[in-house]
>>> print(open('model-v4.txt').read())   # compact mmCIF, C-alpha atoms and all ligand atoms
# COMPACT_ATOMS: atom_id res chain seq x y z
CA MET A 486 132.21 73.03 125.23
CA PRO A 487 131.83 69.51 126.57
CA HIS A 488 132.24 70.47 130.22
CA MET A 489 129.86 73.40 130.31
CA ASN A 490 126.64 72.94 132.16
CA LEU A 491 123.88 73.12 129.55
CA SER A 492 121.47 75.26 131.56
CA ARG A 493 124.29 77.71 132.30
CA LEU A 494 125.03 77.93 128.58
CA VAL A 495 121.38 78.54 127.74
CA PHE A 496 121.25 81.25 130.40
CA LEU A 497 124.37 82.97 129.02
CA LEU A 498 123.10 82.85 125.45
CA ALA A 499 119.71 84.19 126.46
CA PHE A 500 121.37 86.95 128.47
CA ALA A 501 123.65 87.86 125.55
CA ALA A 502 120.71 87.97 123.14
CA GLN A 503 118.66 90.09 125.52
CA ALA A 504 121.49 92.53 126.19
CA GLN A 505 121.54 93.40 122.51
CA GLU A 506 117.87 93.65 121.87
CA TYR A 507 117.18 97.00 123.54
CA THR A 508 117.12 100.12 121.42
CA VAL A 509 116.36 103.63 122.58
CA LEU A 510 115.22 106.13 119.96
CA LYS A 511 115.75 109.81 120.69
CA PRO A 512 113.97 112.06 118.17
CA ALA A 513 113.08 115.74 118.65
CA ARG A 514 109.44 114.73 119.15
CA VAL A 515 107.07 111.80 118.90
CA PHE A 516 103.70 111.73 117.15
CA ASP A 517 102.25 108.80 119.09
CA GLY A 518 99.24 108.22 116.83
CA GLU A 519 97.11 110.80 118.65
CA ALA A 520 99.20 113.88 119.45
CA THR A 521 102.69 115.34 119.27
CA ARG A 522 104.93 114.92 122.31
CA GLU A 523 108.01 117.16 122.40
CA GLY A 524 111.14 115.63 123.90
CA TRP A 525 109.91 112.06 124.11
CA ALA A 526 112.05 108.98 123.65
CA VAL A 527 111.05 105.37 122.95
CA ARG A 528 112.58 102.18 124.29
CA VAL A 529 112.24 99.07 122.14
CA ARG A 530 112.73 95.53 123.36
CA GLY A 531 112.82 92.83 120.72
CA ASN A 532 109.92 93.41 118.34
CA ARG A 533 107.76 95.49 120.70
CA ILE A 534 107.76 98.92 122.29
CA GLU A 535 108.76 98.61 125.94
CA SER A 536 108.15 102.21 126.98
CA ALA A 537 107.56 105.69 125.55
CA GLY A 538 107.60 109.00 127.37
CA PRO A 539 109.68 112.06 128.31
CA ALA A 540 113.32 111.26 127.45
CA ALA A 541 114.43 111.75 131.08
CA ASN A 542 112.18 108.86 132.12
CA ILE A 543 113.38 106.42 129.46
CA ASP A 544 116.11 104.10 130.67
CA ALA A 545 118.95 103.92 128.15
CA ALA A 546 120.94 101.35 130.13
CA ASN A 547 122.10 98.32 128.09
CA ALA A 548 120.49 99.82 125.01
CA LYS A 549 121.71 100.87 121.63
CA VAL A 550 120.85 104.57 121.42
CA ILE A 551 119.81 106.04 118.09
CA ASP A 552 119.74 109.84 118.01
CA LEU A 553 117.33 111.38 115.51
CA PRO A 554 117.90 115.13 115.94
CA GLY A 555 115.29 117.40 114.37
CA ALA A 556 113.14 114.42 113.45
CA THR A 557 109.62 113.34 114.35
CA LEU A 558 109.25 109.70 115.31
CA LEU A 559 105.87 108.25 114.44
CA PRO A 560 104.18 104.88 114.07
CA GLY A 561 105.01 103.11 110.82
CA LEU A 562 102.43 104.27 108.29
CA VAL A 563 99.62 102.02 107.10
CA GLU A 564 98.47 101.66 103.50
CA ALA A 565 95.02 100.13 103.83
CA HIS A 566 94.31 99.70 100.12
CA SER A 567 97.17 98.48 97.97
CA HIS A 568 97.62 96.20 94.96
CA ILE A 569 101.17 95.01 95.26
CA LEU A 570 100.75 92.96 92.06
CA LEU A 571 99.83 95.94 89.91
CA HIS A 572 102.13 98.63 88.57
CA ALA A 573 101.32 102.15 87.43
CA TYR A 574 98.57 102.36 84.81
CA ASN A 575 100.51 104.89 82.73
CA GLU A 576 103.12 102.15 82.25
CA THR A 577 100.63 99.40 81.35
CA PRO A 578 96.82 99.65 81.48
CA TRP A 579 95.03 97.36 83.95
CA ASN A 580 93.52 95.35 81.10
CA ASP A 581 96.96 94.41 79.74
CA GLN A 582 98.49 93.71 83.15
CA VAL A 583 95.74 91.21 83.90
CA ALA A 584 95.54 89.69 80.42
CA LYS A 585 99.16 89.68 79.27
CA GLU A 586 101.54 89.69 82.24
CA GLY A 587 102.25 86.33 83.90
CA ILE A 588 102.32 85.67 87.62
CA ALA A 589 106.12 85.23 87.90
CA LEU A 590 106.70 88.52 86.07
CA ARG A 591 104.18 90.24 88.29
CA ALA A 592 105.66 88.72 91.44
CA ALA A 593 109.13 89.90 90.41
CA ARG A 594 107.82 93.44 90.16
CA ALA A 595 105.99 93.00 93.45
CA VAL A 596 109.26 92.27 95.25
CA ASN A 597 110.46 95.74 94.23
CA HIS A 598 107.09 97.21 95.20
CA LEU A 599 107.29 95.72 98.69
CA ARG A 600 110.77 97.12 99.22
CA SER A 601 109.90 100.65 98.05
CA THR A 602 106.74 100.63 100.20
CA LEU A 603 108.71 99.77 103.34
CA MET A 604 111.48 102.27 102.57
CA ALA A 605 108.84 105.00 102.15
CA GLY A 606 107.85 104.42 105.77
CA PHE A 607 104.80 102.18 105.22
CA THR A 608 105.26 99.24 107.56
CA THR A 609 101.84 97.65 106.98
CA ILE A 610 99.74 97.18 103.88
CA ARG A 611 96.33 95.65 103.39
CA ASP A 612 96.45 94.31 99.85
CA LEU A 613 92.98 94.22 98.34
CA GLY A 614 93.17 91.74 95.52
CA THR A 615 95.80 90.23 93.23
CA GLU A 616 93.91 91.31 90.08
CA GLY A 617 94.32 88.04 88.24
CA ALA A 618 97.57 86.93 89.91
CA GLY A 619 95.98 84.06 91.85
CA TYR A 620 97.28 83.62 95.38
CA ALA A 621 100.64 85.30 94.72
CA ASP A 622 99.93 87.78 97.54
CA VAL A 623 99.90 84.94 100.09
CA GLU A 624 103.31 83.75 98.94
CA LEU A 625 104.75 87.27 98.81
CA LYS A 626 103.60 87.68 102.40
CA GLN A 627 105.39 84.44 103.24
CA ALA A 628 108.55 85.74 101.53
CA VAL A 629 108.46 88.87 103.70
CA ASN A 630 107.71 86.94 106.88
CA GLN A 631 110.52 84.47 106.19
CA GLY A 632 112.99 87.33 105.69
CA ILE A 633 113.58 86.47 102.02
CA VAL A 634 112.65 89.95 100.80
CA PRO A 635 112.22 93.22 102.72
CA GLY A 636 108.68 94.50 102.94
CA PRO A 637 105.91 95.74 105.18
CA ARG A 638 103.54 93.53 107.15
CA VAL A 639 101.08 92.28 104.56
CA LEU A 640 97.39 91.55 105.03
CA VAL A 641 96.13 89.68 102.00
CA SER A 642 92.72 89.19 100.44
CA THR A 643 93.83 86.78 97.66
CA ARG A 644 91.78 86.87 94.45
CA ALA A 645 88.85 89.06 95.62
CA ILE A 646 85.26 88.19 94.70
CA VAL A 647 83.05 89.62 91.96
CA ALA A 648 79.64 88.82 90.56
CA THR A 649 79.74 86.94 87.26
CA GLY A 650 80.27 89.17 84.25
CA SER A 651 81.23 92.29 86.15
CA TYR A 652 85.02 92.44 86.28
CA ALA A 653 86.98 90.98 83.36
CA PRO A 654 89.43 92.66 80.97
CA LYS A 655 87.44 94.14 78.09
CA GLY A 656 87.97 94.37 74.34
CA PHE A 657 88.21 90.67 73.49
CA ALA A 658 86.11 88.62 71.08
CA LEU A 659 83.10 87.47 73.05
CA GLU A 660 83.72 83.78 72.44
CA TRP A 661 87.05 84.00 74.27
CA ARG A 662 87.33 83.07 77.90
CA VAL A 663 89.70 85.83 79.09
CA PRO A 664 91.64 85.82 82.39
CA GLN A 665 89.60 87.32 85.19
CA GLY A 666 90.46 90.27 87.41
CA ALA A 667 88.94 88.47 90.41
CA GLU A 668 87.10 85.26 91.27
CA GLU A 669 83.48 85.07 90.15
CA ALA A 670 80.84 83.80 92.52
CA ASP A 671 77.06 84.12 92.80
CA GLY A 672 74.24 82.91 94.94
CA VAL A 673 74.23 80.76 98.04
CA ASP A 674 76.40 77.77 97.18
CA SER A 675 78.98 79.46 95.04
CA LEU A 676 79.51 82.47 97.33
CA ILE A 677 79.86 80.39 100.49
CA ARG A 678 82.29 78.05 98.75
CA THR A 679 84.37 80.89 97.31
CA VAL A 680 84.61 82.83 100.58
CA ARG A 681 85.68 79.66 102.38
CA ASP A 682 88.11 78.70 99.64
CA GLN A 683 89.85 82.10 99.79
CA ILE A 684 90.02 81.91 103.59
CA GLY A 685 91.48 78.42 103.18
CA HIS A 686 94.13 79.86 100.90
CA GLY A 687 95.16 82.38 103.55
CA ALA A 688 92.96 85.47 103.10
CA ASP A 689 93.25 87.87 106.08
CA TRP A 690 90.37 89.91 104.64
CA ILE A 691 87.64 89.05 102.15
CA LYS A 692 87.23 91.67 99.44
CA LEU A 693 83.99 91.86 97.44
CA TYR A 694 82.89 94.20 94.68
CA ALA A 695 79.39 95.53 95.40
CA ASP A 696 79.22 97.53 92.18
CA TYR A 697 81.20 98.15 89.02
CA ARG A 698 81.00 99.64 85.55
CA TRP A 699 79.42 96.64 83.81
CA GLY A 700 76.74 95.82 81.32
CA ALA A 701 75.75 97.98 78.37
CA GLY A 702 75.92 101.41 80.01
CA PRO A 703 79.02 103.31 81.12
CA ALA A 704 77.87 103.93 84.70
CA ALA A 705 78.69 101.84 87.75
CA ARG A 706 75.77 99.65 88.86
CA PRO A 707 75.27 97.36 91.85
CA THR A 708 76.30 93.74 91.33
CA PHE A 709 75.60 91.55 94.35
CA SER A 710 72.20 91.63 96.02
CA LEU A 711 71.94 92.55 99.71
CA GLU A 712 71.24 88.89 100.48
CA GLU A 713 74.40 87.78 98.69
CA LEU A 714 76.53 90.34 100.53
CA LYS A 715 75.01 89.33 103.88
CA LEU A 716 75.77 85.71 103.17
CA ALA A 717 79.39 86.44 102.30
CA VAL A 718 79.86 88.58 105.43
CA GLU A 719 78.24 85.96 107.66
CA THR A 720 80.44 83.21 106.20
CA ALA A 721 83.64 85.25 106.62
CA LYS A 722 82.72 86.53 110.08
CA SER A 723 82.15 83.06 111.45
CA ALA A 724 85.78 82.34 110.53
CA GLY A 725 86.91 85.59 112.20
CA ILE A 726 87.66 87.23 108.86
CA PRO A 727 86.53 90.84 108.22
CA VAL A 728 85.07 91.98 104.91
CA SER A 729 85.98 94.94 102.74
CA VAL A 730 83.78 96.04 99.86
CA HIS A 731 84.49 98.04 96.75
CA ALA A 732 81.53 100.39 96.27
CA SER A 733 81.17 103.75 94.62
CA THR A 734 77.40 103.98 94.08
CA PRO A 735 75.06 104.95 96.93
CA GLU A 736 73.10 101.69 96.49
CA GLY A 737 76.24 99.51 96.46
CA MET A 738 77.48 101.31 99.58
CA ARG A 739 74.10 101.03 101.30
CA ARG A 740 73.92 97.27 100.69
CA ALA A 741 77.50 96.84 101.92
CA VAL A 742 76.78 98.70 105.16
CA LEU A 743 73.56 96.79 105.81
CA ALA A 744 75.38 93.52 105.11
CA GLY A 745 77.82 94.26 107.94
CA VAL A 746 81.10 94.93 106.14
CA GLU A 747 83.89 96.69 108.05
CA THR A 748 85.32 98.95 105.35
CA ILE A 749 84.06 100.46 102.11
CA GLU A 750 86.54 101.27 99.37
CA HIS A 751 86.27 104.41 97.18
CA GLY A 752 82.74 105.69 97.93
CA ASP A 753 83.00 108.19 95.09
CA ALA A 754 79.29 108.91 94.65
CA GLY A 755 78.47 108.61 98.35
CA THR A 756 75.61 110.82 99.52
CA PRO A 757 75.19 112.48 102.95
CA GLU A 758 72.50 109.85 103.69
CA VAL A 759 74.71 106.85 102.98
CA PHE A 760 77.67 108.40 104.84
CA LYS A 761 75.36 108.96 107.83
CA LEU A 762 74.48 105.27 107.70
CA MET A 763 78.20 104.37 107.56
CA ALA A 764 78.93 106.54 110.59
CA GLU A 765 76.03 105.01 112.55
CA ARG A 766 77.16 101.45 111.77
CA HIS A 767 80.88 102.23 112.30
CA VAL A 768 81.89 101.30 108.78
CA ALA A 769 85.20 102.92 107.78
CA LEU A 770 85.82 104.55 104.40
CA CYS A 771 89.02 104.10 102.40
CA PRO A 772 88.66 107.11 100.11
CA THR A 773 91.43 106.25 97.58
CA LEU A 774 91.81 109.93 96.63
CA ALA A 775 95.27 109.41 95.17
CA ALA A 776 94.10 106.88 92.57
CA GLY A 777 91.54 109.30 91.11
CA ASP A 778 94.12 112.07 91.10
CA ALA A 779 96.58 109.80 89.25
CA THR A 780 94.16 108.40 86.66
CA ALA A 781 92.88 111.90 85.84
CA GLN A 782 96.45 112.96 85.12
CA TYR A 783 97.12 109.81 83.08
CA ALA A 784 94.03 110.75 81.03
CA GLY A 785 95.58 114.12 80.21
CA TRP A 786 94.57 116.45 83.06
CA ARG A 787 97.38 118.90 83.84
CA LYS A 788 97.17 119.41 87.57
CA GLY A 789 97.58 123.03 88.59
CA GLU A 790 97.13 124.24 85.00
CA SER A 791 93.81 123.01 83.58
CA PRO A 792 90.58 123.06 85.60
CA GLU A 793 89.87 120.05 87.81
CA PRO A 794 87.87 117.33 85.97
CA GLN A 795 84.29 116.77 87.07
CA SER A 796 85.10 113.35 88.51
CA LEU A 797 87.55 114.93 90.96
CA GLN A 798 85.21 117.77 91.87
CA ARG A 799 82.62 115.12 92.72
CA LYS A 800 85.19 113.19 94.72
CA ARG A 801 86.12 116.31 96.70
CA ALA A 802 82.45 116.90 97.49
CA SER A 803 81.77 113.32 98.55
CA PHE A 804 84.91 113.21 100.71
CA LYS A 805 83.74 116.37 102.44
CA ALA A 806 80.30 114.82 102.96
CA ALA A 807 81.98 111.79 104.56
CA LEU A 808 83.98 114.04 106.91
CA ASP A 809 80.87 116.07 107.77
CA ALA A 810 78.96 112.87 108.58
CA GLY A 811 81.73 111.76 110.94
CA VAL A 812 82.66 108.64 108.98
CA THR A 813 85.86 106.92 110.17
CA ILE A 814 88.46 107.57 107.49
CA LEU A 815 91.06 104.89 106.86
CA SER A 816 94.03 105.90 104.74
CA GLY A 817 94.10 103.74 101.62
CA SER A 818 95.19 104.94 98.22
CA ASP A 819 94.67 102.10 95.69
CA VAL A 820 98.43 102.26 95.06
CA GLY A 821 99.40 100.12 92.12
CA VAL A 822 97.31 102.45 89.99
CA PHE A 823 100.27 104.81 90.63
CA PRO A 824 103.82 103.85 91.75
CA HIS A 825 104.45 101.91 94.95
CA GLY A 826 106.53 103.97 97.36
CA ASP A 827 104.47 107.04 96.50
CA ASN A 828 101.86 105.98 99.09
CA ALA A 829 102.15 109.23 101.07
CA ARG A 830 100.22 110.81 98.21
CA GLU A 831 96.95 109.67 99.82
CA ILE A 832 97.73 111.39 103.12
CA GLU A 833 98.74 114.56 101.25
CA MET A 834 95.51 114.41 99.23
CA MET A 835 93.37 114.03 102.35
CA VAL A 836 94.95 117.23 103.65
CA ALA A 837 94.49 118.92 100.26
CA TYR A 838 90.80 117.89 100.36
CA GLY A 839 90.21 119.47 103.75
CA MET A 840 91.42 117.20 106.53
CA ALA A 841 93.69 118.55 109.28
CA PRO A 842 97.22 117.05 109.02
CA THR A 843 96.92 115.42 112.45
CA ASP A 844 93.64 113.74 111.45
CA ALA A 845 95.12 112.53 108.17
CA LEU A 846 98.08 111.07 110.09
CA LYS A 847 95.71 109.33 112.51
CA SER A 848 93.93 107.73 109.53
CA ALA A 849 97.25 106.18 108.52
CA THR A 850 98.32 105.19 112.07
CA SER A 851 96.10 104.81 115.15
CA ILE A 852 92.79 104.56 113.28
CA ALA A 853 94.31 102.07 110.85
CA GLY A 854 95.60 99.93 113.71
CA ARG A 855 92.13 99.85 115.23
CA VAL A 856 90.21 99.20 112.00
CA LEU A 857 92.65 96.48 110.92
CA HIS A 858 92.62 94.86 114.40
CA MET A 859 96.40 94.96 114.81
CA ASP A 860 98.88 95.99 117.53
CA ILE A 861 100.21 98.81 115.37
CA GLY A 862 99.62 102.51 114.76
CA THR A 863 100.35 103.95 118.21
CA VAL A 864 103.58 104.56 120.06
CA LYS A 865 102.90 102.97 123.40
CA GLN A 866 103.99 100.06 125.52
CA GLY A 867 103.22 96.64 124.08
CA MET A 868 102.64 97.69 120.49
CA PHE A 869 104.82 96.33 117.70
CA ALA A 870 108.00 98.38 117.26
CA ASP A 871 107.01 99.62 113.80
CA LEU A 872 108.45 103.13 113.93
CA ILE A 873 109.64 105.65 111.39
CA ALA A 874 111.31 109.04 111.63
CA VAL A 875 110.92 111.94 109.23
CA ASP A 876 112.74 115.25 109.08
CA GLY A 877 110.54 118.07 110.33
CA ASP A 878 107.04 117.87 111.83
CA PRO A 879 104.33 116.31 109.62
CA THR A 880 101.55 117.55 111.93
CA LYS A 881 102.53 121.06 110.85
CA ASP A 882 103.63 120.34 107.28
CA ILE A 883 102.42 117.07 105.79
CA ALA A 884 105.20 117.25 103.15
CA ALA A 885 107.59 116.10 105.90
CA LEU A 886 106.27 112.56 105.27
CA ARG A 887 108.46 112.54 102.16
CA LYS A 888 111.60 113.02 104.25
CA VAL A 889 111.86 109.55 105.73
CA LYS A 890 115.23 109.03 107.41
CA PHE A 891 114.58 105.98 109.58
CA VAL A 892 112.40 102.88 109.24
CA MET A 893 112.02 100.14 111.86
CA LYS A 894 109.67 97.18 111.56
CA ALA A 895 109.23 94.75 114.43
CA GLY A 896 112.36 96.16 116.07
CA THR A 897 114.57 95.68 113.00
CA VAL A 898 116.06 98.77 111.36
CA TYR A 899 115.61 98.80 107.57
CA ARG A 900 116.61 102.36 106.87
ZN ZN B 1001 91.74 98.66 94.54
>>> encode(input="model-v4.txt", output="structure tokens", more="lines below")
Ligand SMILES: [Zn+2]
Amino acid sequence: MPHMNLSRLVFLLAFAAQAQEYTVLKPARVFDGEATREGWAVRVRGNRIESAGPAANIDAANAKVIDLPGATLLPGLVEAHSHILLHAYNETPWNDQVAKEGIALRAARAVNHLRSTLMAGFTTIRDLGTEGAGYADVELKQAVNQGIVPGPRVLVSTRAIVATGSYAPKGFALEWRVPQGAEEADGVDSLIRTVRDQIGHGADWIKLYADYRWGAGPAARPTFSLEELKLAVETAKSAGIPVSVHASTPEGMRRAVLAGVETIEHGDAGTPEVFKLMAERHVALCPTLAAGDATAQYAGWRKGESPEPQSLQRKRASFKAALDAGVTILSGSDVGVFPHGDNAREIEMMVAYGMAPTDALKSATSIAGRVLHMDIGTVKQGMFADLIAVDGDPTKDIAALRKVKFVMKAGTVYR
């Protein structure tokens, strides 16, 4: 077009692009991250939500209209504790995945995991450690962001950090140097260097293990001292990076809270006292109920037939104590222990363990958006257009989360 005025051409192209980038979604109702709104519609422009409200007030002009009759539209779900580089432990135990499966093999599986996670309606994951697969999470995130493979938004924590001796595959001759499940660091110099090195490699979150089953006894024991945890948090915070801590013992949890972490993972043996401290300091709990439920079944428990194992009875009690103390609950399942794409299991388990369906949904949407510091998790103007639709109403029957019929991430329809 040699004779066309360039600015006119740019204008026409921009206009053409804009004319196509409006979408109006018309479900039966919207769960906006807080409450259910009957008869709402949502207008999307580009990768963000332009408006949401009663359908009569939503302008459908110049927009592609998608009717979702009978469906509930809700924010894309958030999985706040995943391991995209692990696969179900009843296929291969953790030990063997870390020690015997190479990074390329694990990344190939992870591509499938990312796709099934997104198709199940989970549009964001916080991945809490590659479990021996180096920085593969950073590159998988790049693959998603570059449109090479479909997947959710990915927050990565790279290799995760453990105290020396506390987190390696077991069962090897002691003179062998076996591959590690996470990066070891201790004390002032080594912890500061490791936190910075992981941030330098692209960590969105720093993940530390405050306790683990290590040493001669079978029980979980604290690993890092309070001073070490404080140092790690201070180093990460000064770079604007939040810290998540694996802790299941009351002392590990207590140290993590006092050190200033933002989320605690698991919290299995949490006491009313330590949950009270978490609530006071606004530290969120990722309960990972689904992982315990899965591993108990892999160990032979027949759910619904044999009595619940003691570990799960304890978990039920501690989860209730967390709810009673008013701890912020963030939905995170430890998926990877069980199959990716089955993430809704955590939300179902939270309901089964006593949470109201609406509260469980908030934990996986609006609360998650807030705790993860992202423009996601609520259906309102300006948020990312990460939206899913399910048949039925999950605030009345949480099983509706399994009936995903529509998935949009950043304005692009994937399902
Ligand atoms: Zn985990």
>>> closest_residue(input="model-v4.txt", among="A:Leu559, A:Ala695, A:Val822, A:Ala621", to="ligand ZN 1001 (chain B)", atoms="all atoms listed in the file")
A:Val822
>>> closest_atom_pairs(input="model-v4.txt", of="chain A", to="ligand ZN 1001 (chain B)", cutoff="10 Å", atoms="only C-alpha atoms and all ligand atoms", output="JSON lines")
{"residue": "A:Ala565", "atom": "CA", "partner": "B:ZN1001", "partner_atom": "ZN", "distance": 10.0}
{"residue": "A:His566", "atom": "CA", "partner": "B:ZN1001", "partner_atom": "ZN", "distance": 6.2}
{"residue": "A:Ser567", "atom": "CA", "partner": "B:ZN1001", "partner_atom": "ZN", "distance": 6.4}
{"residue": "A:His568", "atom": "CA", "partner": "B:ZN1001", "partner_atom": "ZN", "distance": 6.4}
{"residue": "A:Leu571", "atom": "CA", "partner": "B:ZN1001", "partner_atom": "ZN", "distance": 9.7}
{"residue": "A:Asp612", "atom": "CA", "partner": "B:ZN1001", "partner_atom": "ZN", "distance": 8.3}
{"residue": "A:Leu613", "atom": "CA", "partner": "B:ZN1001", "partner_atom": "ZN", "distance": 6.0}
{"residue": "A:Gly614", "atom": "CA", "partner": "B:ZN1001", "partner_atom": "ZN", "distance": 7.1}
{"residue": "A:Thr615", "atom": "CA", "partner": "B:ZN1001", "partner_atom": "ZN", "distance": 9.4}
{"residue": "A:Glu616", "atom": "CA", "partner": "B:ZN1001", "partner_atom": "ZN", "distance": 8.9}
{"residue": "A:Lys692", "atom": "CA", "partner": "B:ZN1001", "partner_atom": "ZN", "distance": 9.7}
{"residue": "A:Tyr694", "atom": "CA", "partner": "B:ZN1001", "partner_atom": "ZN", "distance": 9.9}
{"residue": "A:Val730", "atom": "CA", "partner": "B:ZN1001", "partner_atom": "ZN", "distance": 9.9}
{"residue": "A:His731", "atom": "CA", "partner": "B:ZN1001", "partner_atom": "ZN", "distance": 7.6}
{"residue": "A:Glu750", "atom": "CA", "partner": "B:ZN1001", "partner_atom": "ZN", "distance": 7.6}
{"residue": "A:His751", "atom": "CA", "partner": "B:ZN1001", "partner_atom": "ZN", "distance": 8.4}
{"residue": "A:Cys771", "atom": "CA", "partner": "B:ZN1001", "partner_atom": "ZN", "distance": 9.9}
{"residue": "A:Thr773", "atom": "CA", "partner": "B:ZN1001", "partner_atom": "ZN", "distance": 8.2}
{"residue": "A:Ala776", "atom": "CA", "partner": "B:ZN1001", "partner_atom": "ZN", "distance": 8.8}
{"residue": "A:Gly817", "atom": "CA", "partner": "B:ZN1001", "partner_atom": "ZN", "distance": 9.0}
{"residue": "A:Ser818", "atom": "CA", "partner": "B:ZN1001", "partner_atom": "ZN", "distance": 8.1}
{"residue": "A:Asp819", "atom": "CA", "partner": "B:ZN1001", "partner_atom": "ZN", "distance": 4.7}
{"residue": "A:Val820", "atom": "CA", "partner": "B:ZN1001", "partner_atom": "ZN", "distance": 7.6}
{"residue": "A:Gly821", "atom": "CA", "partner": "B:ZN1001", "partner_atom": "ZN", "distance": 8.2}
{"residue": "A:Val822", "atom": "CA", "partner": "B:ZN1001", "partner_atom": "ZN", "distance": 8.1}
>>> residues_around(input="model-v4.txt", residues="Gly752 in chain A", least_positions_apart="4", cutoff="7 Å", atoms="only C-alpha atoms", output="count of residues only")
4
>>> closest_residue(input="model-v4.txt", among="A:Thr748, A:Ser791, A:Thr608, A:Asn828", to="Ala775 in chain A", atoms="all atoms listed in the file")
A:Asn828
>>> residues_near_point(input="model-v4.txt", point="(95.9, 91.1, 83.0)", cutoff="12 Å", atoms="all atoms listed in the file", output="PyMOL selection string")
chain A and resi 570-572+574+577-588+590-591+615-619+652-655+663-667
>>> closest_residue(input="model-v4.txt", among="A:Lys511, A:Lys805, A:Arg522, A:Arg681", to="Asp544 in chain A", atoms="only C-alpha atoms")
A:Lys511
>>> atom_distance(input="model-v4.txt", atom1="CA of Gly518 in chain A", atom2="CA of His825 in chain A")
23.4 Å
>>> closest_residue(input="model-v4.txt", among="A:Gln631, A:Ser803, A:Thr813, A:Asn547", to="Glu765 in chain A", atoms="all atoms listed in the file")
A:Thr813
>>> residues_around(input="model-v4.txt", residues="Asn532 in chain A", least_positions_apart="4", cutoff="12 Å", atoms="all atoms listed in the file", output="short mmCIF file (atom, residue, chain, number, x, y, z; two decimals) with C-alpha atoms, in the coordinates of the input")
data_model
loop_
_atom_site.label_atom_id
_atom_site.label_comp_id
_atom_site.auth_asym_id
_atom_site.auth_seq_id
_atom_site.Cartn_x
_atom_site.Cartn_y
_atom_site.Cartn_z
CA GLN A 503 118.66 90.09 125.52
CA GLU A 506 117.87 93.65 121.87
CA TYR A 507 117.18 97.00 123.54
CA THR A 508 117.12 100.12 121.42
CA ARG A 528 112.58 102.18 124.29
CA ASP A 860 98.88 95.99 117.53
CA ILE A 861 100.21 98.81 115.37
CA GLN A 866 103.99 100.06 125.52
CA GLY A 867 103.22 96.64 124.08
CA MET A 868 102.64 97.69 120.49
CA PHE A 869 104.82 96.33 117.70
CA ALA A 870 108.00 98.38 117.26
CA ASP A 871 107.01 99.62 113.80
CA LEU A 872 108.45 103.13 113.93
CA MET A 893 112.02 100.14 111.86
CA LYS A 894 109.67 97.18 111.56
CA ALA A 895 109.23 94.75 114.43
CA GLY A 896 112.36 96.16 116.07
CA THR A 897 114.57 95.68 113.00
CA VAL A 898 116.06 98.77 111.36
#
>>> atom_distance(input="model-v4.txt", atom1="CA of Ala769 in chain A", atom2="CA of Ala705 in chain A")
21.1 Å
>>> atom_distance(input="model-v4.txt", atom1="CA of Thr756 in chain A", atom2="CA of Arg799 in chain A")
10.7 Å
>>> build_atoms(input="model-v4.txt", residues="range 610-621 of chain A", atoms="N, CA and C atoms", output="PDB file, keeping the file's coordinate frame")
ATOM      1  N   ILE A 610     100.682  96.978 104.971  1.00  0.00           N
ATOM      2  CA  ILE A 610      99.740  97.180 103.880  1.00  0.00           C
ATOM      3  C   ILE A 610      98.612  96.159 103.992  1.00  0.00           C
ATOM      4  N   ARG A 611      97.421  96.611 103.601  1.00  0.00           N
ATOM      5  CA  ARG A 611      96.330  95.650 103.390  1.00  0.00           C
ATOM      6  C   ARG A 611      96.157  95.594 101.881  1.00  0.00           C
ATOM      7  N   ASP A 612      96.466  94.441 101.298  1.00  0.00           N
ATOM      8  CA  ASP A 612      96.450  94.310  99.850  1.00  0.00           C
ATOM      9  C   ASP A 612      95.085  93.774  99.428  1.00  0.00           C
ATOM     10  N   LEU A 613      94.386  94.548  98.594  1.00  0.00           N
ATOM     11  CA  LEU A 613      92.980  94.220  98.340  1.00  0.00           C
ATOM     12  C   LEU A 613      92.736  93.586  96.978  1.00  0.00           C
ATOM     13  N   GLY A 614      93.460  92.519  96.723  1.00  0.00           N
ATOM     14  CA  GLY A 614      93.170  91.740  95.520  1.00  0.00           C
ATOM     15  C   GLY A 614      94.379  91.648  94.602  1.00  0.00           C
ATOM     16  N   THR A 615      94.623  90.429  94.090  1.00  0.00           N
ATOM     17  CA  THR A 615      95.800  90.230  93.230  1.00  0.00           C
ATOM     18  C   THR A 615      95.510  90.575  91.777  1.00  0.00           C
ATOM     19  N   GLU A 616      94.272  90.880  91.444  1.00  0.00           N
ATOM     20  CA  GLU A 616      93.910  91.310  90.080  1.00  0.00           C
ATOM     21  C   GLU A 616      94.418  90.302  89.048  1.00  0.00           C
ATOM     22  N   GLY A 617      93.993  89.069  89.230  1.00  0.00           N
ATOM     23  CA  GLY A 617      94.320  88.040  88.240  1.00  0.00           C
ATOM     24  C   GLY A 617      95.591  87.255  88.552  1.00  0.00           C
ATOM     25  N   ALA A 618      96.315  87.627  89.612  1.00  0.00           N
ATOM     26  CA  ALA A 618      97.570  86.930  89.910  1.00  0.00           C
ATOM     27  C   ALA A 618      97.378  85.856  90.989  1.00  0.00           C
ATOM     28  N   GLY A 619      96.231  85.219  90.981  1.00  0.00           N
ATOM     29  CA  GLY A 619      95.980  84.060  91.850  1.00  0.00           C
ATOM     30  C   GLY A 619      96.222  84.363  93.315  1.00  0.00           C
ATOM     31  N   TYR A 620      96.996  83.478  93.940  1.00  0.00           N
ATOM     32  CA  TYR A 620      97.280  83.620  95.380  1.00  0.00           C
ATOM     33  C   TYR A 620      98.707  84.130  95.600  1.00  0.00           C
ATOM     34  N   ALA A 621      99.248  84.838  94.618  1.00  0.00           N
ATOM     35  CA  ALA A 621     100.640  85.300  94.720  1.00  0.00           C
ATOM     36  C   ALA A 621     100.839  86.203  95.937  1.00  0.00           C
TER      37      ALA A 621
END
